[in-house]
Amino acid sequence: MEKNEEKYFYSTSFQLACFLYSKRMQMSAPRNLNRKQKEFTWIRTPELEDLINVYKFGLKEEIELLINVRDYEQVRRELLEIINN
């Protein structure tokens with residue numbers, strides 16, 4: 001698969017994937033890079049770019065970083081199930 005860096009955002013960070021999925025960003029099925037590493041893919045949108053910047057560079061007080069702990073845990077479990085099957 002050839003990567004289209006302009007249209008898609010790719011990451012191997014499970015924590016970032018949990019954050020973005022918790023924020024209702026639509027993600028394609030994770031792709032196996034090797035036995036232990038998965039790659040997550042999203043369509044680039046202005047909202048996605050904003051969330052990535054907040055996640056990477058935001059202050060911990062920023063409202064966009066807040067996620068309900070139950071929602072986050074549910075997303076984390078869903079993603080673990082997806083990548084382990």
# chains A, B, ... in the order shown; residues from 1 in each chain; ligands from 1

$ residues_around --residues "range 37-53 of chain A" --least-positions-apart "4" --cutoff "9 Å" --atoms "only C-alpha atoms" --output "list in words"
Glu5, Glu6, Lys7, Tyr8, Phe9, Tyr10, Ser11, Thr12, Ser13, Phe14, Leu16, Ala17, Phe19, Leu20, Lys23, Met25, Gln26, Met27, Ser28, Ala29, Pro30, Arg31, Asn32, Leu33, Phe57, Gly58, Glu64, Leu65 and Ile83 of chain A

$ write_last_selection --atoms "C-alpha atoms" --output "mmCIF file, in the first residue's frame"
data_model
loop_
_atom_site.group_PDB
_atom_site.id
_atom_site.type_symbol
_atom_site.label_atom_id
_atom_site.label_comp_id
_atom_site.auth_asym_id
_atom_site.auth_seq_id
_atom_site.Cartn_x
_atom_site.Cartn_y
_atom_site.Cartn_z
ATOM 1 C CA GLU A 5 0.521 11.627 3.380
ATOM 2 C CA GLU A 6 -1.641 14.530 2.172
ATOM 3 C CA LYS A 7 -4.965 12.730 2.468
ATOM 4 C CA TYR A 8 -4.281 10.420 5.415
ATOM 5 C CA PHE A 9 -2.617 10.643 8.812
ATOM 6 C CA TYR A 10 -0.688 7.561 9.963
ATOM 7 C CA SER A 11 0.509 6.723 13.463
ATOM 8 C CA THR A 12 1.776 3.737 15.396
ATOM 9 C CA SER A 13 0.943 5.335 18.755
ATOM 10 C CA PHE A 14 -1.694 3.301 20.578
ATOM 11 C CA LEU A 16 -2.869 8.662 20.267
ATOM 12 C CA ALA A 17 -5.211 6.181 18.583
ATOM 13 C CA PHE A 19 -7.371 9.605 22.203
ATOM 14 C CA LEU A 20 -8.537 10.238 18.635
ATOM 15 C CA LYS A 23 -12.899 11.983 20.274
ATOM 16 C CA MET A 25 -12.444 10.461 14.843
ATOM 17 C CA GLN A 26 -13.125 7.734 12.322
ATOM 18 C CA MET A 27 -10.238 5.354 11.865
ATOM 19 C CA SER A 28 -9.614 2.602 9.342
ATOM 20 C CA ALA A 29 -8.723 -0.885 10.520
ATOM 21 C CA PRO A 30 -5.211 -1.025 11.985
ATOM 22 C CA ARG A 31 -2.580 -2.440 9.657
ATOM 23 C CA ASN A 32 0.117 -4.862 10.815
ATOM 24 C CA LEU A 33 3.621 -3.476 10.381
ATOM 25 C CA PHE A 57 1.588 20.115 22.297
ATOM 26 C CA GLY A 58 -1.402 21.198 24.383
ATOM 27 C CA GLU A 64 -9.991 19.441 24.208
ATOM 28 C CA LEU A 65 -7.737 17.016 26.109
ATOM 29 C CA ILE A 83 -5.557 -5.308 17.125
#

$ select_by_dssp --residues "chain A" --states "helix (DSSP H, G or I)" --output "ChimeraX atom specification"
/A:14-22,46-57,63-65,69-84

$ residues_around --residues "Gln15 in chain A" --least-positions-apart "6" --cutoff "10 Å" --atoms "only C-alpha atoms" --output "NGL selection string"
:A and (21 or 55 or 76)

$ atom_distance --atom1 "CA of Ser22 in chain A" --atom2 "CA of Tyr72 in chain A"
5.8 Å

$ closest_residue --among "A:Asn34, A:Cys18, A:Ile82, A:Asn4" --to "Ile67 in chain A" --atoms "only C-alpha atoms"
A:Cys18

$ atom_distance --atom1 "CA of Val75 in chain A" --atom2 "CA of Glu61 in chain A"
22.1 Å

$ select_by_dssp --residues "chain A" --states "strand (DSSP E or B)" --output "PDB file with N, CA and C atoms, in the first residue's frame"
ATOM      1  N   TYR A   8      -4.148  11.245   4.223  1.00  0.00           N
ATOM      2  CA  TYR A   8      -4.281  10.420   5.415  1.00  0.00           C
ATOM      3  C   TYR A   8      -3.228  10.772   6.454  1.00  0.00           C
ATOM      4  N   PHE A   9      -3.573  10.515   7.715  1.00  0.00           N
ATOM      5  CA  PHE A   9      -2.617  10.643   8.812  1.00  0.00           C
ATOM      6  C   PHE A   9      -2.367   9.246   9.344  1.00  0.00           C
ATOM      7  N   TYR A  10      -1.088   8.888   9.494  1.00  0.00           N
ATOM      8  CA  TYR A  10      -0.688   7.561   9.963  1.00  0.00           C
ATOM      9  C   TYR A  10       0.038   7.689  11.288  1.00  0.00           C
ATOM     10  N   SER A  11      -0.200   6.736  12.184  1.00  0.00           N
ATOM     11  CA  SER A  11       0.509   6.723  13.463  1.00  0.00           C
ATOM     12  C   SER A  11       0.580   5.302  13.992  1.00  0.00           C
ATOM     13  N   MET A  27     -11.526   5.963  12.142  1.00  0.00           N
ATOM     14  CA  MET A  27     -10.238   5.354  11.865  1.00  0.00           C
ATOM     15  C   MET A  27     -10.458   4.113  11.014  1.00  0.00           C
ATOM     16  N   ARG A  31      -3.373  -1.615  10.580  1.00  0.00           N
ATOM     17  CA  ARG A  31      -2.580  -2.440   9.657  1.00  0.00           C
ATOM     18  C   ARG A  31      -1.364  -2.978  10.396  1.00  0.00           C
ATOM     19  N   ASN A  32      -1.058  -4.246  10.195  1.00  0.00           N
ATOM     20  CA  ASN A  32       0.117  -4.862  10.815  1.00  0.00           C
ATOM     21  C   ASN A  32       1.385  -4.378  10.132  1.00  0.00           C
ATOM     22  N   LYS A  38       1.359  -1.979  15.157  1.00  0.00           N
ATOM     23  CA  LYS A  38       0.220  -1.696  14.283  1.00  0.00           C
ATOM     24  C   LYS A  38       0.308  -0.247  13.821  1.00  0.00           C
ATOM     25  N   GLU A  39      -0.281   0.003  12.665  1.00  0.00           N
ATOM     26  CA  GLU A  39      -0.355   1.371  12.157  1.00  0.00           C
ATOM     27  C   GLU A  39      -1.822   1.758  12.040  1.00  0.00           C
ATOM     28  N   PHE A  40      -2.154   2.901  12.610  1.00  0.00           N
ATOM     29  CA  PHE A  40      -3.510   3.428  12.595  1.00  0.00           C
ATOM     30  C   PHE A  40      -3.587   4.519  11.536  1.00  0.00           C
ATOM     31  N   THR A  41      -4.723   4.605  10.841  1.00  0.00           N
ATOM     32  CA  THR A  41      -4.883   5.553   9.748  1.00  0.00           C
ATOM     33  C   THR A  41      -6.189   6.319   9.889  1.00  0.00           C
ATOM     34  N   TRP A  42      -6.102   7.627   9.684  1.00  0.00           N
ATOM     35  CA  TRP A  42      -7.273   8.503   9.697  1.00  0.00           C
ATOM     36  C   TRP A  42      -7.247   9.367   8.451  1.00  0.00           C
ATOM     37  N   ILE A  43      -8.421   9.777   7.991  1.00  0.00           N
ATOM     38  CA  ILE A  43      -8.498  10.775   6.923  1.00  0.00           C
ATOM     39  C   ILE A  43      -8.190  12.135   7.540  1.00  0.00           C
TER      40      ILE A  43
END

$ decode --residues "chain A" --atoms "C-alpha atoms" --output "mmCIF file, in the first residue's frame"
data_model
loop_
_atom_site.group_PDB
_atom_site.id
_atom_site.type_symbol
_atom_site.label_atom_id
_atom_site.label_comp_id
_atom_site.auth_asym_id
_atom_site.auth_seq_id
_atom_site.Cartn_x
_atom_site.Cartn_y
_atom_site.Cartn_z
ATOM 1 C CA MET A 1 0.000 0.000 0.000
ATOM 2 C CA GLU A 2 1.424 3.336 -1.021
ATOM 3 C CA LYS A 3 0.971 6.040 1.583
ATOM 4 C CA ASN A 4 -0.831 9.255 0.734
ATOM 5 C CA GLU A 5 0.521 11.627 3.380
ATOM 6 C CA GLU A 6 -1.641 14.530 2.172
ATOM 7 C CA LYS A 7 -4.965 12.730 2.468
ATOM 8 C CA TYR A 8 -4.281 10.420 5.415
ATOM 9 C CA PHE A 9 -2.617 10.643 8.812
ATOM 10 C CA TYR A 10 -0.688 7.561 9.963
ATOM 11 C CA SER A 11 0.509 6.723 13.463
ATOM 12 C CA THR A 12 1.776 3.737 15.396
ATOM 13 C CA SER A 13 0.943 5.335 18.755
ATOM 14 C CA PHE A 14 -1.694 3.301 20.578
ATOM 15 C CA GLN A 15 -2.251 6.149 23.058
ATOM 16 C CA LEU A 16 -2.869 8.662 20.267
ATOM 17 C CA ALA A 17 -5.211 6.181 18.583
ATOM 18 C CA CYS A 18 -7.187 5.836 21.834
ATOM 19 C CA PHE A 19 -7.371 9.605 22.203
ATOM 20 C CA LEU A 20 -8.537 10.238 18.635
ATOM 21 C CA TYR A 21 -11.001 7.343 18.698
ATOM 22 C CA SER A 22 -12.365 8.665 22.012
ATOM 23 C CA LYS A 23 -12.899 11.983 20.274
ATOM 24 C CA ARG A 24 -15.003 10.180 17.630
ATOM 25 C CA MET A 25 -12.444 10.461 14.843
ATOM 26 C CA GLN A 26 -13.125 7.734 12.322
ATOM 27 C CA MET A 27 -10.238 5.354 11.865
ATOM 28 C CA SER A 28 -9.614 2.602 9.342
ATOM 29 C CA ALA A 29 -8.723 -0.885 10.520
ATOM 30 C CA PRO A 30 -5.211 -1.025 11.985
ATOM 31 C CA ARG A 31 -2.580 -2.440 9.657
ATOM 32 C CA ASN A 32 0.117 -4.862 10.815
ATOM 33 C CA LEU A 33 3.621 -3.476 10.381
ATOM 34 C CA ASN A 34 5.203 -6.390 12.173
ATOM 35 C CA ARG A 35 4.277 -8.870 14.892
ATOM 36 C CA LYS A 36 4.160 -6.247 17.634
ATOM 37 C CA GLN A 37 3.439 -2.980 15.847
ATOM 38 C CA LYS A 38 0.220 -1.696 14.283
ATOM 39 C CA GLU A 39 -0.355 1.371 12.157
ATOM 40 C CA PHE A 40 -3.510 3.428 12.595
ATOM 41 C CA THR A 41 -4.883 5.553 9.748
ATOM 42 C CA TRP A 42 -7.273 8.503 9.697
ATOM 43 C CA ILE A 43 -8.498 10.775 6.923
ATOM 44 C CA ARG A 44 -6.933 14.207 7.411
ATOM 45 C CA THR A 45 -9.444 16.861 8.415
ATOM 46 C CA PRO A 46 -8.983 20.224 10.125
ATOM 47 C CA GLU A 47 -10.597 18.770 13.279
ATOM 48 C CA LEU A 48 -8.199 15.809 13.256
ATOM 49 C CA GLU A 49 -5.199 18.110 12.807
ATOM 50 C CA ASP A 50 -6.388 20.273 15.734
ATOM 51 C CA LEU A 51 -6.803 17.243 18.003
ATOM 52 C CA ILE A 52 -3.368 15.886 17.102
ATOM 53 C CA ASN A 53 -1.764 19.258 17.860
ATOM 54 C CA VAL A 54 -3.587 19.504 21.188
ATOM 55 C CA TYR A 55 -2.574 15.945 22.084
ATOM 56 C CA LYS A 56 1.077 16.517 21.201
ATOM 57 C CA PHE A 57 1.588 20.115 22.297
ATOM 58 C CA GLY A 58 -1.402 21.198 24.383
ATOM 59 C CA LEU A 59 -1.339 22.194 27.999
ATOM 60 C CA LYS A 60 -2.943 19.713 30.375
ATOM 61 C CA GLU A 61 -5.630 22.301 31.213
ATOM 62 C CA GLU A 62 -6.946 22.440 27.649
ATOM 63 C CA ILE A 63 -10.569 21.385 27.450
ATOM 64 C CA GLU A 64 -9.991 19.441 24.208
ATOM 65 C CA LEU A 65 -7.737 17.016 26.109
ATOM 66 C CA LEU A 66 -10.485 16.002 28.517
ATOM 67 C CA ILE A 67 -12.049 12.582 27.984
ATOM 68 C CA ASN A 68 -14.517 10.780 30.194
ATOM 69 C CA VAL A 69 -12.526 7.966 31.805
ATOM 70 C CA ARG A 70 -15.237 5.386 31.102
ATOM 71 C CA ASP A 71 -15.334 6.375 27.425
ATOM 72 C CA TYR A 72 -11.541 6.185 27.202
ATOM 73 C CA GLU A 73 -11.420 2.781 28.857
ATOM 74 C CA GLN A 74 -14.135 1.445 26.537
ATOM 75 C CA VAL A 75 -12.232 2.719 23.493
ATOM 76 C CA ARG A 76 -8.973 1.253 24.800
ATOM 77 C CA ARG A 77 -10.614 -2.160 25.240
ATOM 78 C CA GLU A 78 -12.206 -1.973 21.764
ATOM 79 C CA LEU A 79 -8.897 -1.114 20.108
ATOM 80 C CA LEU A 80 -7.053 -3.863 21.988
ATOM 81 C CA GLU A 81 -9.661 -6.345 20.837
ATOM 82 C CA ILE A 82 -9.360 -5.132 17.246
ATOM 83 C CA ILE A 83 -5.557 -5.308 17.125
ATOM 84 C CA ASN A 84 -5.336 -8.646 18.926
ATOM 85 C CA ASN A 85 -7.749 -10.451 16.600
#
